[in-house]
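Next comes data.cif, with mmCIF, C-alpha atoms.
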data_query
#
loop_
_atom_site.group_PDB
_atom_site.id
_atom_site.type_symbol
_atom_site.label_atom_id
_atom_site.label_comp_id
_atom_site.auth_asym_id
_atom_site.auth_seq_id
_atom_site.Cartn_x
_atom_site.Cartn_y
_atom_site.Cartn_z
ATOM 1 C CA MET A 63 -20.269 7.097 6.604
ATOM 2 C CA LYS A 64 -18.603 5.644 9.708
ATOM 3 C CA ILE A 65 -15.416 3.714 8.902
ATOM 4 C CA ALA A 66 -13.151 1.687 11.201
ATOM 5 C CA ILE A 67 -9.562 1.134 10.086
ATOM 6 C CA THR A 68 -7.633 -1.717 11.671
ATOM 7 C CA GLY A 69 -3.948 -0.915 11.335
ATOM 8 C CA GLY A 70 -4.839 2.759 11.023
ATOM 9 C CA ALA A 71 -1.574 3.984 12.564
ATOM 10 C CA GLY A 72 0.574 2.283 9.922
ATOM 11 C CA PHE A 73 1.748 3.664 6.597
ATOM 12 C CA LEU A 74 -1.308 2.875 4.459
ATOM 13 C CA GLY A 75 -3.783 3.061 7.328
ATOM 14 C CA SER A 76 -2.732 6.528 8.473
ATOM 15 C CA HIS A 77 -2.995 7.907 4.938
ATOM 16 C CA LEU A 78 -6.401 6.273 4.582
ATOM 17 C CA THR A 79 -7.542 7.889 7.811
ATOM 18 C CA THR A 80 -6.766 11.363 6.514
ATOM 19 C CA ALA A 81 -8.245 10.659 3.073
ATOM 20 C CA TYR A 82 -11.541 9.455 4.586
ATOM 21 C CA LEU A 83 -11.707 12.368 7.026
ATOM 22 C CA ASP A 84 -11.027 14.874 4.245
ATOM 23 C CA ALA A 85 -13.911 13.289 2.310
ATOM 24 C CA GLY A 86 -16.245 13.961 5.246
ATOM 25 C CA HIS A 87 -16.397 10.480 6.790
ATOM 26 C CA ASN A 88 -16.380 9.558 10.480
ATOM 27 C CA VAL A 89 -13.238 7.498 11.174
ATOM 28 C CA ILE A 90 -12.198 5.152 13.980
ATOM 29 C CA VAL A 91 -8.574 3.967 14.122
ATOM 30 C CA ILE A 92 -7.653 0.658 15.770
ATOM 31 C CA ASP A 93 -3.958 -0.168 16.154
ATOM 32 C CA ASN A 94 -1.626 -1.708 18.743
ATOM 33 C CA LEU A 95 1.259 0.558 17.588
ATOM 34 C CA ASN A 96 3.652 -2.373 17.123
ATOM 35 C CA ASN A 97 4.316 -1.246 13.558
ATOM 36 C CA GLY A 98 2.534 2.117 13.565
ATOM 37 C CA SER A 99 2.946 5.500 15.219
ATOM 38 C CA VAL A 100 0.449 7.515 17.239
ATOM 39 C CA ASN A 101 1.995 10.642 15.696
ATOM 40 C CA ALA A 102 0.864 9.444 12.259
ATOM 41 C CA VAL A 103 -2.800 9.228 13.322
ATOM 42 C CA ASP A 104 -4.904 12.177 12.219
ATOM 43 C CA PRO A 105 -6.128 13.846 15.463
ATOM 44 C CA ARG A 106 -9.641 14.155 13.985
ATOM 45 C CA ALA A 107 -10.075 10.366 14.233
ATOM 46 C CA ARG A 108 -11.051 8.423 17.362
ATOM 47 C CA PHE A 109 -8.133 6.196 18.285
ATOM 48 C CA TYR A 110 -8.212 2.877 20.143
ATOM 49 C CA GLN A 111 -4.805 1.436 21.034
ATOM 50 C CA ILE A 112 -5.629 -2.239 21.040
ATOM 51 C CA ASP A 113 -4.487 -5.468 19.397
ATOM 52 C CA ILE A 114 -6.946 -6.968 16.917
ATOM 53 C CA ARG A 115 -6.756 -10.267 18.845
ATOM 54 C CA ASP A 116 -7.925 -8.587 22.058
ATOM 55 C CA GLU A 117 -11.463 -9.511 23.159
ATOM 56 C CA LYS A 118 -12.177 -5.796 23.673
ATOM 57 C CA LEU A 119 -12.268 -5.376 19.900
ATOM 58 C CA ARG A 120 -15.674 -7.049 19.763
ATOM 59 C CA ALA A 121 -17.090 -4.534 22.249
ATOM 60 C CA ILE A 122 -15.493 -1.586 20.431
ATOM 61 C CA LEU A 123 -17.094 -2.462 17.099
ATOM 62 C CA ALA A 124 -20.414 -3.318 18.745
ATOM 63 C CA ASN A 125 -20.395 0.088 20.439
ATOM 64 C CA GLU A 126 -19.196 2.104 17.429
ATOM 65 C CA ARG A 127 -21.313 0.273 14.805
ATOM 66 C CA PRO A 128 -19.206 1.252 11.759
ATOM 67 C CA ASP A 129 -20.695 0.905 8.293
ATOM 68 C CA VAL A 130 -17.367 -0.243 6.857
ATOM 69 C CA VAL A 131 -14.291 -1.921 8.346
ATOM 70 C CA THR A 132 -11.114 -1.689 6.281
ATOM 71 C CA HIS A 133 -8.399 -4.119 7.352
ATOM 72 C CA HIS A 134 -4.942 -2.648 6.798
ATOM 73 C CA VAL A 135 -3.065 -4.343 9.617
ATOM 74 C CA ASN A 136 0.579 -4.156 8.691
ATOM 75 C CA GLN A 137 1.991 -7.225 7.001
ATOM 76 C CA HIS A 138 5.770 -7.407 6.821
ATOM 77 C CA LEU A 139 6.712 -6.064 3.409
ATOM 78 C CA TYR A 140 9.719 -8.315 3.057
ATOM 79 C CA GLU A 141 10.748 -11.811 4.089
ATOM 80 C CA VAL A 142 9.781 -12.995 7.545
ATOM 81 C CA PRO A 143 12.248 -15.447 9.151
ATOM 82 C CA LEU A 144 10.776 -18.914 9.374
ATOM 83 C CA ALA A 145 11.025 -18.764 13.163
ATOM 84 C CA GLN A 146 8.397 -16.017 13.081
ATOM 85 C CA SER A 147 5.889 -17.959 10.968
ATOM 86 C CA LEU A 148 3.690 -18.818 13.953
ATOM 87 C CA LEU A 149 3.668 -15.218 15.163
ATOM 88 C CA ASP A 150 2.793 -13.985 11.678
ATOM 89 C CA ALA A 151 -0.068 -16.479 11.352
ATOM 90 C CA ASP A 152 -1.350 -15.683 14.828
ATOM 91 C CA THR A 153 -1.597 -11.988 14.005
ATOM 92 C CA HIS A 154 -2.698 -12.125 10.390
ATOM 93 C CA ILE A 155 -4.913 -15.209 10.362
ATOM 94 C CA ARG A 156 -6.246 -15.613 13.914
ATOM 95 C CA GLY A 157 -6.362 -11.826 14.248
ATOM 96 C CA LEU A 158 -8.256 -11.487 10.967
ATOM 97 C CA LEU A 159 -10.792 -14.113 12.050
ATOM 98 C CA HIS A 160 -11.399 -12.192 15.268
ATOM 99 C CA VAL A 161 -11.963 -8.997 13.274
ATOM 100 C CA LEU A 162 -14.374 -10.773 10.919
ATOM 101 C CA ASP A 163 -16.329 -12.302 13.810
ATOM 102 C CA SER A 164 -16.527 -8.883 15.458
ATOM 103 C CA CYS A 165 -17.762 -7.356 12.193
ATOM 104 C CA VAL A 166 -20.574 -9.902 11.923
ATOM 105 C CA ASN A 167 -21.529 -9.294 15.556
ATOM 106 C CA ALA A 168 -21.636 -5.518 14.955
ATOM 107 C CA SER A 169 -23.655 -5.851 11.709
ATOM 108 C CA VAL A 170 -20.910 -4.202 9.665
ATOM 109 C CA ARG A 171 -22.099 -3.676 6.099
ATOM 110 C CA LYS A 172 -18.798 -3.987 4.201
ATOM 111 C CA PHE A 173 -15.299 -5.351 4.809
ATOM 112 C CA ILE A 174 -12.274 -4.170 2.798
ATOM 113 C CA PHE A 175 -9.202 -6.402 2.905
ATOM 114 C CA ALA A 176 -5.731 -5.160 2.001
ATOM 115 C CA SER A 177 -3.893 -8.003 0.276
ATOM 116 C CA GLY A 178 -0.688 -8.241 -1.742
ATOM 117 C CA GLY A 179 -0.050 -8.028 -5.444
ATOM 118 C CA ASN A 180 3.546 -8.368 -6.566
ATOM 119 C CA THR A 181 4.508 -10.996 -3.992
ATOM 120 C CA LEU A 182 1.494 -13.306 -4.248
ATOM 121 C CA TYR A 183 2.335 -14.592 -7.697
ATOM 122 C CA GLY A 184 5.132 -16.940 -8.651
ATOM 123 C CA PRO A 185 7.689 -16.410 -11.428
ATOM 124 C CA VAL A 186 6.075 -16.157 -14.869
ATOM 125 C CA GLY A 187 7.314 -15.554 -18.368
ATOM 126 C CA GLU A 188 7.062 -11.981 -19.647
ATOM 127 C CA GLU A 189 4.688 -13.212 -22.348
ATOM 128 C CA TYR A 190 2.060 -13.696 -19.601
ATOM 129 C CA LEU A 191 2.276 -10.102 -18.347
ATOM 130 C CA PRO A 192 0.317 -8.238 -17.168
ATOM 131 C CA LEU A 193 -1.238 -10.708 -14.761
ATOM 132 C CA SER A 194 -4.993 -10.803 -14.187
ATOM 133 C CA GLU A 195 -6.649 -11.475 -10.827
ATOM 134 C CA GLU A 196 -7.349 -15.037 -12.001
ATOM 135 C CA THR A 197 -3.641 -15.899 -12.175
ATOM 136 C CA PRO A 198 -2.928 -18.794 -9.747
ATOM 137 C CA LEU A 199 -1.317 -17.630 -6.502
ATOM 138 C CA GLN A 200 2.074 -18.967 -5.438
ATOM 139 C CA PRO A 201 2.925 -17.274 -2.122
ATOM 140 C CA ARG A 202 6.334 -18.309 -0.841
ATOM 141 C CA GLN A 203 6.860 -16.272 2.333
ATOM 142 C CA PRO A 204 4.828 -16.439 5.568
ATOM 143 C CA ALA A 205 3.365 -12.937 5.204
ATOM 144 C CA ASP A 206 2.183 -13.713 1.673
ATOM 145 C CA ILE A 207 0.758 -17.092 2.697
ATOM 146 C CA SER A 208 -1.215 -15.232 5.388
ATOM 147 C CA ARG A 209 -2.529 -12.799 2.789
ATOM 148 C CA ALA A 210 -3.668 -15.584 0.479
ATOM 149 C CA ALA A 211 -5.349 -17.474 3.337
ATOM 150 C CA GLY A 212 -6.910 -14.221 4.510
ATOM 151 C CA GLU A 213 -8.542 -13.672 1.132
ATOM 152 C CA TRP A 214 -10.292 -17.030 1.373
ATOM 153 C CA TYR A 215 -11.486 -16.382 4.913
ATOM 154 C CA VAL A 216 -12.945 -13.050 3.791
ATOM 155 C CA ARG A 217 -14.811 -14.767 0.941
ATOM 156 C CA TYR A 218 -16.030 -17.460 3.344
ATOM 157 C CA TYR A 219 -17.520 -14.857 5.697
ATOM 158 C CA SER A 220 -19.264 -13.241 2.747
ATOM 159 C CA GLN A 221 -20.833 -16.564 1.786
ATOM 160 C CA GLN A 222 -21.763 -17.643 5.305
ATOM 161 C CA HIS A 223 -22.725 -14.338 6.913
ATOM 162 C CA GLY A 224 -23.624 -12.009 4.046
ATOM 163 C CA LEU A 225 -20.703 -9.669 4.776
ATOM 164 C CA THR A 226 -20.047 -7.708 1.584
ATOM 165 C CA HIS A 227 -16.339 -7.466 0.825
ATOM 166 C CA THR A 228 -13.721 -6.076 -1.520
ATOM 167 C CA ILE A 229 -10.198 -7.523 -1.688
ATOM 168 C CA LEU A 230 -7.504 -5.113 -2.868
ATOM 169 C CA ARG A 231 -4.248 -6.567 -4.161
ATOM 170 C CA TYR A 232 -1.799 -3.680 -4.028
ATOM 171 C CA ALA A 233 1.238 -3.147 -6.190
ATOM 172 C CA ASP A 234 4.262 -1.777 -4.301
ATOM 173 C CA VAL A 235 3.103 1.556 -2.851
ATOM 174 C CA TYR A 236 5.533 4.474 -2.790
ATOM 175 C CA GLY A 237 5.284 8.051 -1.586
ATOM 176 C CA GLY A 238 3.848 9.349 1.642
ATOM 177 C CA ASN A 239 3.548 12.440 3.790
ATOM 178 C CA GLY A 240 6.739 11.824 5.741
ATOM 179 C CA LYS A 241 4.975 11.089 9.049
ATOM 180 C CA ILE A 242 5.765 7.383 9.000
ATOM 181 C CA ASN A 243 8.494 5.390 7.282
ATOM 182 C CA ASN A 244 7.764 3.687 3.971
ATOM 183 C CA PRO A 245 10.505 1.201 2.976
ATOM 184 C CA HIS A 246 9.665 1.292 -0.752
ATOM 185 C CA PRO A 247 12.861 1.345 -2.893
ATOM 186 C CA LEU A 248 12.098 4.820 -4.293
ATOM 187 C CA ASN A 249 11.753 6.313 -0.824
ATOM 188 C CA TYR A 250 14.946 4.546 0.188
ATOM 189 C CA PHE A 251 16.984 5.553 -2.886
ATOM 190 C CA LEU A 252 15.991 9.219 -2.649
ATOM 191 C CA HIS A 253 16.773 9.329 1.066
ATOM 192 C CA MET A 254 20.198 7.715 0.691
ATOM 193 C CA LEU A 255 21.231 9.757 -2.345
ATOM 194 C CA SER A 256 20.105 13.022 -0.767
ATOM 195 C CA GLU A 257 22.479 12.256 2.118
ATOM 196 C CA GLY A 258 25.316 11.409 -0.260
ATOM 197 C CA ARG A 259 25.313 7.728 0.689
ATOM 198 C CA ARG A 260 25.439 4.666 -1.563
ATOM 199 C CA PRO A 261 22.161 2.704 -1.603
ATOM 200 C CA ILE A 262 22.240 -1.081 -1.370
ATOM 201 C CA ILE A 263 20.550 -3.214 -4.038
ATOM 202 C CA ARG A 264 20.111 -6.885 -3.265
ATOM 203 C CA GLY A 265 20.661 -9.159 -6.249
ATOM 204 C CA THR A 266 21.199 -7.962 -9.803
ATOM 205 C CA GLY A 267 18.661 -5.150 -9.699
ATOM 206 C CA GLU A 268 16.793 -6.686 -12.640
ATOM 207 C CA SER A 269 13.769 -7.765 -10.591
ATOM 208 C CA MET A 270 10.720 -5.970 -12.037
ATOM 209 C CA HIS A 271 7.638 -4.993 -10.027
ATOM 210 C CA ASP A 272 4.562 -2.850 -10.456
ATOM 211 C CA HIS A 273 4.627 0.387 -8.438
ATOM 212 C CA ILE A 274 1.833 2.815 -7.576
ATOM 213 C CA ALA A 275 1.699 6.206 -5.856
ATOM 214 C CA ILE A 276 -0.006 6.509 -2.477
ATOM 215 C CA ASP A 277 -2.402 9.173 -3.830
ATOM 216 C CA ASP A 278 -3.740 6.741 -6.446
ATOM 217 C CA VAL A 279 -4.191 4.076 -3.758
ATOM 218 C CA MET A 280 -6.197 6.514 -1.628
ATOM 219 C CA GLN A 281 -8.473 7.395 -4.542
ATOM 220 C CA ALA A 282 -9.137 3.707 -5.168
ATOM 221 C CA ASN A 283 -10.048 3.211 -1.510
ATOM 222 C CA LEU A 284 -12.485 6.107 -1.616
ATOM 223 C CA GLN A 285 -14.203 4.517 -4.606
ATOM 224 C CA VAL A 286 -14.293 1.119 -2.914
ATOM 225 C CA LEU A 287 -16.574 2.452 -0.173
ATOM 226 C CA THR A 288 -19.530 2.261 -2.565
ATOM 227 C CA ARG A 289 -18.235 0.117 -5.446
ATOM 228 C CA GLY A 290 -16.445 -3.169 -6.124
ATOM 229 C CA ASN A 291 -18.688 -5.332 -3.955
ATOM 230 C CA ASN A 292 -17.434 -8.936 -3.697
ATOM 231 C CA HIS A 293 -14.615 -8.307 -6.165
ATOM 232 C CA THR A 294 -10.871 -8.965 -5.982
ATOM 233 C CA LEU A 295 -9.021 -6.078 -7.626
ATOM 234 C CA HIS A 296 -5.490 -5.135 -8.599
ATOM 235 C CA ILE A 297 -4.688 -1.610 -7.455
ATOM 236 C CA SER A 298 -1.683 -1.009 -9.649
ATOM 237 C CA ARG A 299 -0.129 1.241 -12.247
ATOM 238 C CA GLY A 300 -0.008 -1.582 -14.798
ATOM 239 C CA GLU A 301 3.658 -0.832 -15.547
ATOM 240 C CA GLY A 302 6.867 -2.507 -14.491
ATOM 241 C CA TYR A 303 10.144 -0.990 -13.316
ATOM 242 C CA THR A 304 13.279 -2.829 -12.257
ATOM 243 C CA LEU A 305 15.243 -1.785 -9.182
ATOM 244 C CA LYS A 306 17.981 -0.504 -11.505
ATOM 245 C CA GLN A 307 15.465 1.659 -13.349
ATOM 246 C CA LEU A 308 14.068 3.055 -10.108
ATOM 247 C CA TYR A 309 17.569 3.854 -8.920
ATOM 248 C CA LEU A 310 18.437 5.640 -12.166
ATOM 249 C CA LEU A 311 15.234 7.703 -11.982
ATOM 250 C CA ALA A 312 16.041 8.705 -8.411
ATOM 251 C CA ALA A 313 19.661 9.553 -9.283
ATOM 252 C CA GLN A 314 18.580 11.627 -12.294
ATOM 253 C CA ALA A 315 16.053 13.553 -10.210
ATOM 254 C CA LEU A 316 18.793 14.495 -7.738
ATOM 255 C CA GLY A 317 21.534 14.943 -10.321
ATOM 256 C CA SER A 318 23.584 12.336 -8.464
ATOM 257 C CA ASP A 319 26.342 10.152 -9.892
ATOM 258 C CA ILE A 320 26.639 7.967 -6.801
ATOM 259 C CA GLU A 321 26.718 4.275 -7.673
ATOM 260 C CA PRO A 322 24.708 1.724 -5.681
ATOM 261 C CA VAL A 323 26.251 -1.236 -3.863
ATOM 262 C CA TYR A 324 25.085 -4.618 -5.165
ATOM 263 C CA ILE A 325 25.026 -7.533 -2.740
ATOM 264 C CA SER A 326 23.939 -11.100 -3.384
ATOM 265 C CA GLY A 327 21.560 -13.115 -1.260
ATOM 266 C CA ALA A 328 19.598 -16.354 -1.316
ATOM 267 C CA LEU A 329 16.296 -14.441 -1.255
ATOM 268 C CA ALA A 330 17.275 -11.978 -3.966
ATOM 269 C CA GLU A 331 16.030 -13.541 -7.182
ATOM 270 C CA ASP A 332 15.010 -11.858 -10.405
ATOM 271 C CA SER A 333 11.338 -11.886 -11.300
ATOM 272 C CA ALA A 334 8.956 -9.854 -13.430
ATOM 273 C CA ILE A 335 5.477 -8.939 -12.182
ATOM 274 C CA ILE A 336 3.060 -6.437 -13.723
ATOM 275 C CA LEU A 337 -0.544 -6.346 -12.528
ATOM 276 C CA ASP A 338 -3.425 -5.815 -14.926
ATOM 277 C CA ASN A 339 -5.723 -3.158 -13.407
ATOM 278 C CA THR A 340 -8.470 -3.350 -16.072
ATOM 279 C CA ARG A 341 -11.041 -4.739 -13.649
ATOM 280 C CA ALA A 342 -10.396 -2.010 -11.068
ATOM 281 C CA ARG A 343 -10.737 0.659 -13.766
ATOM 282 C CA GLN A 344 -14.080 -0.749 -14.850
ATOM 283 C CA VAL A 345 -15.584 -1.683 -11.481
ATOM 284 C CA LEU A 346 -14.388 1.318 -9.478
ATOM 285 C CA ASP A 347 -14.491 3.973 -12.215
ATOM 286 C CA TRP A 348 -10.888 4.673 -11.197
ATOM 287 C CA GLN A 349 -7.528 4.960 -12.880
ATOM 288 C CA PRO A 350 -3.994 5.670 -11.656
ATOM 289 C CA ARG A 351 -3.044 9.257 -12.491
ATOM 290 C CA VAL A 352 0.368 9.804 -10.894
ATOM 291 C CA SER A 353 3.302 8.956 -13.162
ATOM 292 C CA ILE A 354 6.518 7.652 -11.640
ATOM 293 C CA GLN A 355 8.230 10.962 -12.487
ATOM 294 C CA GLU A 356 5.484 12.978 -10.782
ATOM 295 C CA GLY A 357 5.693 10.670 -7.785
ATOM 296 C CA ILE A 358 9.439 11.255 -7.457
ATOM 297 C CA THR A 359 8.949 15.030 -7.645
ATOM 298 C CA HIS A 360 6.370 14.829 -4.844
ATOM 299 C CA LEU A 361 8.640 12.615 -2.734
ATOM 300 C CA LEU A 362 11.513 15.078 -3.047
ATOM 301 C CA ARG A 363 9.222 17.911 -1.973
ATOM 302 C CA VAL A 364 8.059 15.949 1.090
ATOM 303 C CA GLN A 365 11.640 15.076 2.034
ATOM 304 C CA GLN A 366 12.692 18.720 1.732
ATOM 305 C CA GLN A 367 9.762 19.856 3.886
ATOM 306 C CA ALA A 368 10.664 17.274 6.522
ATOM 307 C CA GLN A 369 14.283 18.434 6.519
ATOM 308 C CA ASP A 370 13.248 22.093 6.782
ATOM 309 C CA ALA A 371 10.979 21.261 9.729
ATOM 310 C CA LEU A 372 13.817 19.374 11.431
ATOM 311 C CA ASN A 373 16.182 22.308 10.963
ATOM 312 C CA GLN A 374 13.685 24.654 12.607
ATOM 313 C CA GLN A 375 13.275 22.543 15.752
ATOM 314 C CA PRO A 376 14.933 23.814 18.952
ATOM 315 C CA GLN A 377 17.939 21.849 20.078
ATOM 316 C CA PHE A 378 16.282 19.997 22.929
ATOM 317 C CA ALA A 379 14.119 16.940 23.225
ATOM 318 C CA GLN A 380 10.581 17.379 22.035
ATOM 319 C CA VAL A 381 7.674 15.937 23.998
ATOM 320 C CA SER A 382 5.778 13.619 21.647
ATOM 321 C CA ARG A 383 2.025 13.982 21.217
ATOM 322 C CA HIS A 384 0.013 11.473 23.219
ATOM 323 C CA SER A 385 -3.560 10.791 22.255
ATOM 324 C CA SER A 386 -6.152 10.203 24.938
ATOM 325 C CA LEU A 387 -6.989 6.607 24.248
ATOM 326 C CA ALA A 388 -10.516 5.328 24.635
ATOM 327 C CA HIS A 389 -10.989 1.954 26.238
ATOM 328 C CA VAL A 390 -13.992 -0.297 26.561
#
This entry written out as structure tokens:
Amino acid sequence: MKIAITGGAGFLGSHLTTAYLDAGHNVIVIDNLNNGSVNAVDPRARFYQIDIRDEKLRAILANERPDVVTHHVNQHLYEVPLAQSLLDADTHIRGLLHVLDSCVNASVRKFIFASGGNTLYGPVGEEYLPLSEETPLQPRQPADISRAAGEWYVRYYSQQHGLTHTILRYADVYGGNGKINNPHPLNYFLHMLSEGRRPIIRGTGESMHDHIAIDDVMQANLQVLTRGNNHTLHISRGEGYTLKQLYLLAAQALGSDIEPVYISGALAEDSAIILDNTRARQVLDWQPRVSIQEGITHLLRVQQQAQDALNQQPQFAQVSRHSSLAHV
């Protein structure tokens, strides 16, 4: 199967690229590198350095004729200043519409849209947890508003143009191969504690979110290639951990007694979100398999490998790999 990944040089996109290639698929990566890294792109993929709003995108997809386009253009994981709202909407709404139009023009069979999970829903009582996909959305930050609007545009294109879709609402994704930064709290806590530094926790640390390992996310995306048509799905663990709990797990794994620094902030409010993944289990024949403890063990191994590789580098500047970029 030929698959195009918009945002394929970012954290999720670069992992997806490798997962698809390992499964025997033909992969095209499209990314402007504003939030991604060319060094994170698997060299087996064809790479186009281009913005999704660029008119050349239409010609690229028309020439490549992918069966599936998976849209993982990086959305800011945390709050976007209000002054950047227009820029965020221009990239993640106008840019998405350009991708969708280009998909229709290229007769793409299926469109996969990476949406949010924990940050799309408003505060709810714990008696309503876990939340189903039918829970009303209450996005409060520009990036989340763009995600919610994007979902409706994707559904509209399915209705008007027959473009099959799957919308994936991700829990907070942790882990990684170390090639590109992932700002998830677990990655951050383990990095800070391993360097003997005190991590910062904004607010009380009692905010609870759903968290899922990158390997489980990749397995879900492999299943989505042939399943989940015209569904909106939670890709989640179905469990909640507070920031305090994540910190304690990280400290225990490292045998550290370093205490975090708590700072207050207007945007740091306590909330509890757990995402029901029953529909994804049924529709995709998938289930999350990596426990939080196993995920921490893997993260520590990746961090140690990265440190060992750094220690073995010669003490002079390394020339970074440059891919030969194709242009239309």
Discussion item. Here's the selection I'm unsure about, the PyMOL selection byres ((chain A and resi 125-139) around 9); applied to the file above, which residues does it give, as JSON, numbers by chain?
Written reply: {"A": [63, 64, 65, 66, 67, 68, 69, 70, 71, 72, 73, 74, 75, 88, 89, 90, 93, 97, 98, 114, 120, 121, 122, 123, 124, 140, 141, 142, 150, 153, 154, 158, 161, 165, 168, 169, 170, 171, 172, 173, 174, 175, 176, 177, 205, 206, 208, 209, 245, 246, 287, 390]}
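Across the chains present, the PyMOL selection byres ((chain A and resi 221-226) around 7) applied to this file returns Arg171, Lys172, Phe173, Arg217, Tyr218, Tyr219, Ser220, His227, Asn291 and Asn292 of chain A.
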Worksheet item: Hey, can you check how far atom CA of Leu310 of chain A sits from atom CA of Pro185 of chain A?
Response: 24.5 Å
Worksheet item: Of the candidates A:Arg264, A:Arg341, A:Arg108, A:Arg351, which shows the shortest atom-to-atom distance to Ile276 of chain A, using all atoms listed in the file?
Response: A:Arg351
Fill in: Spatial neighbours of Met270 of chain A, 9 Å, only C-alpha atoms, chain gap at least 2 places, as a PyMOL selection string
chain A and resi 267-268+272+302-305+332-336
Discussion item. Given all atoms listed in the file as the basis, pick out the residue of A:Val286, A:Ile297, A:Val103, A:Leu252 nearest to Ile358 of chain A.
Written reply: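 Nearest to Ile358 of chain A: A:Leu252.
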Distance query 12 Å from (9.0, 16.9, 2.3) using only C-alpha atoms, result as a PDB file with C-alpha atoms, in the coordinates of the input:
ATOM      1  CA  GLY A 237       5.284   8.051  -1.586  1.00  0.00           C
ATOM      2  CA  GLY A 238       3.848   9.349   1.642  1.00  0.00           C
ATOM      3  CA  ASN A 239       3.548  12.440   3.790  1.00  0.00           C
ATOM      4  CA  GLY A 240       6.739  11.824   5.741  1.00  0.00           C
ATOM      5  CA  LYS A 241       4.975  11.089   9.049  1.00  0.00           C
ATOM      6  CA  ASN A 249      11.753   6.313  -0.824  1.00  0.00           C
ATOM      7  CA  LEU A 252      15.991   9.219  -2.649  1.00  0.00           C
ATOM      8  CA  HIS A 253      16.773   9.329   1.066  1.00  0.00           C
ATOM      9  CA  ILE A 358       9.439  11.255  -7.457  1.00  0.00           C
ATOM     10  CA  THR A 359       8.949  15.030  -7.645  1.00  0.00           C
ATOM     11  CA  HIS A 360       6.370  14.829  -4.844  1.00  0.00           C
ATOM     12  CA  LEU A 361       8.640  12.615  -2.734  1.00  0.00           C
ATOM     13  CA  LEU A 362      11.513  15.078  -3.047  1.00  0.00           C
ATOM     14  CA  ARG A 363       9.222  17.911  -1.973  1.00  0.00           C
ATOM     15  CA  VAL A 364       8.059  15.949   1.090  1.00  0.00           C
ATOM     16  CA  GLN A 365      11.640  15.076   2.034  1.00  0.00           C
ATOM     17  CA  GLN A 366      12.692  18.720   1.732  1.00  0.00           C
ATOM     18  CA  GLN A 367       9.762  19.856   3.886  1.00  0.00           C
ATOM     19  CA  ALA A 368      10.664  17.274   6.522  1.00  0.00           C
ATOM     20  CA  GLN A 369      14.283  18.434   6.519  1.00  0.00           C
ATOM     21  CA  ASP A 370      13.248  22.093   6.782  1.00  0.00           C
ATOM     22  CA  ALA A 371      10.979  21.261   9.729  1.00  0.00           C
ATOM     23  CA  LEU A 372      13.817  19.374  11.431  1.00  0.00           C
TER      24      LEU A 372
END
Discussion item. With all atoms listed in the file as the counted atoms, please give the residues lying no more than 10 Å from Arg231 of chain A, apart from itself and same-chain residues fewer than 3 positions off, as a PyMOL selection string.
Written reply: chain A and resi 175-182+195+209+213+228+234+294-298+337+339
Worksheet entry | Point-to-point distance from atom CA of Glu301 of chain A to atom CA of Ile242 of chain A, Å rounded to tenths |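 Interatomic distance, atom CA of Glu301 of chain A to atom CA of Ile242 of chain A: 26.0 Å.
Across the model, the gap from atom CA of Ala342 of chain A to atom CA of Trp214 of chain A is 19.5 Å.
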Given the point (-6.7, 8.0, 3.2) in the coordinates of this file, which residues lie within 10 Å, counting all atoms listed in the file, and how would they look as a short mmCIF file (atom, residue, chain, number, x, y, z; two decimals) with C-alpha atoms, in the coordinates of the input?
data_model
loop_
_atom_site.label_atom_id
_atom_site.label_comp_id
_atom_site.auth_asym_id
_atom_site.auth_seq_id
_atom_site.Cartn_x
_atom_site.Cartn_y
_atom_site.Cartn_z
CA GLY A 70 -4.84 2.76 11.02
CA LEU A 74 -1.31 2.88 4.46
CA GLY A 75 -3.78 3.06 7.33
CA SER A 76 -2.73 6.53 8.47
CA HIS A 77 -3.00 7.91 4.94
CA LEU A 78 -6.40 6.27 4.58
CA THR A 79 -7.54 7.89 7.81
CA THR A 80 -6.77 11.36 6.51
CA ALA A 81 -8.24 10.66 3.07
CA TYR A 82 -11.54 9.46 4.59
CA LEU A 83 -11.71 12.37 7.03
CA ASP A 84 -11.03 14.87 4.24
CA ALA A 85 -13.91 13.29 2.31
CA ILE A 276 -0.01 6.51 -2.48
CA ASP A 277 -2.40 9.17 -3.83
CA VAL A 279 -4.19 4.08 -3.76
CA MET A 280 -6.20 6.51 -1.63
CA GLN A 281 -8.47 7.40 -4.54
CA ALA A 282 -9.14 3.71 -5.17
CA ASN A 283 -10.05 3.21 -1.51
CA LEU A 284 -12.48 6.11 -1.62
#
Discussion item. Would you pick out the contacts of Leu199 of chain A at 8 Å or less, using only C-alpha atoms, so that residues sharing its chain but fewer than 3 positions from it are not included, and give the list as a list in words?
Written reply: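 My reading of the contact set: Leu182, Tyr183, Gly184 and Ala210 of chain A.
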Item to complete: Skip Arg289 of chain A itself and residues of its chain fewer than 3 positions away, then list as a list in words all residues within 8 Å of it, counting only C-alpha atoms.
Response: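 Listed by chain and then number, they are Gln285, Val286, Val345 and Leu346 of chain A.
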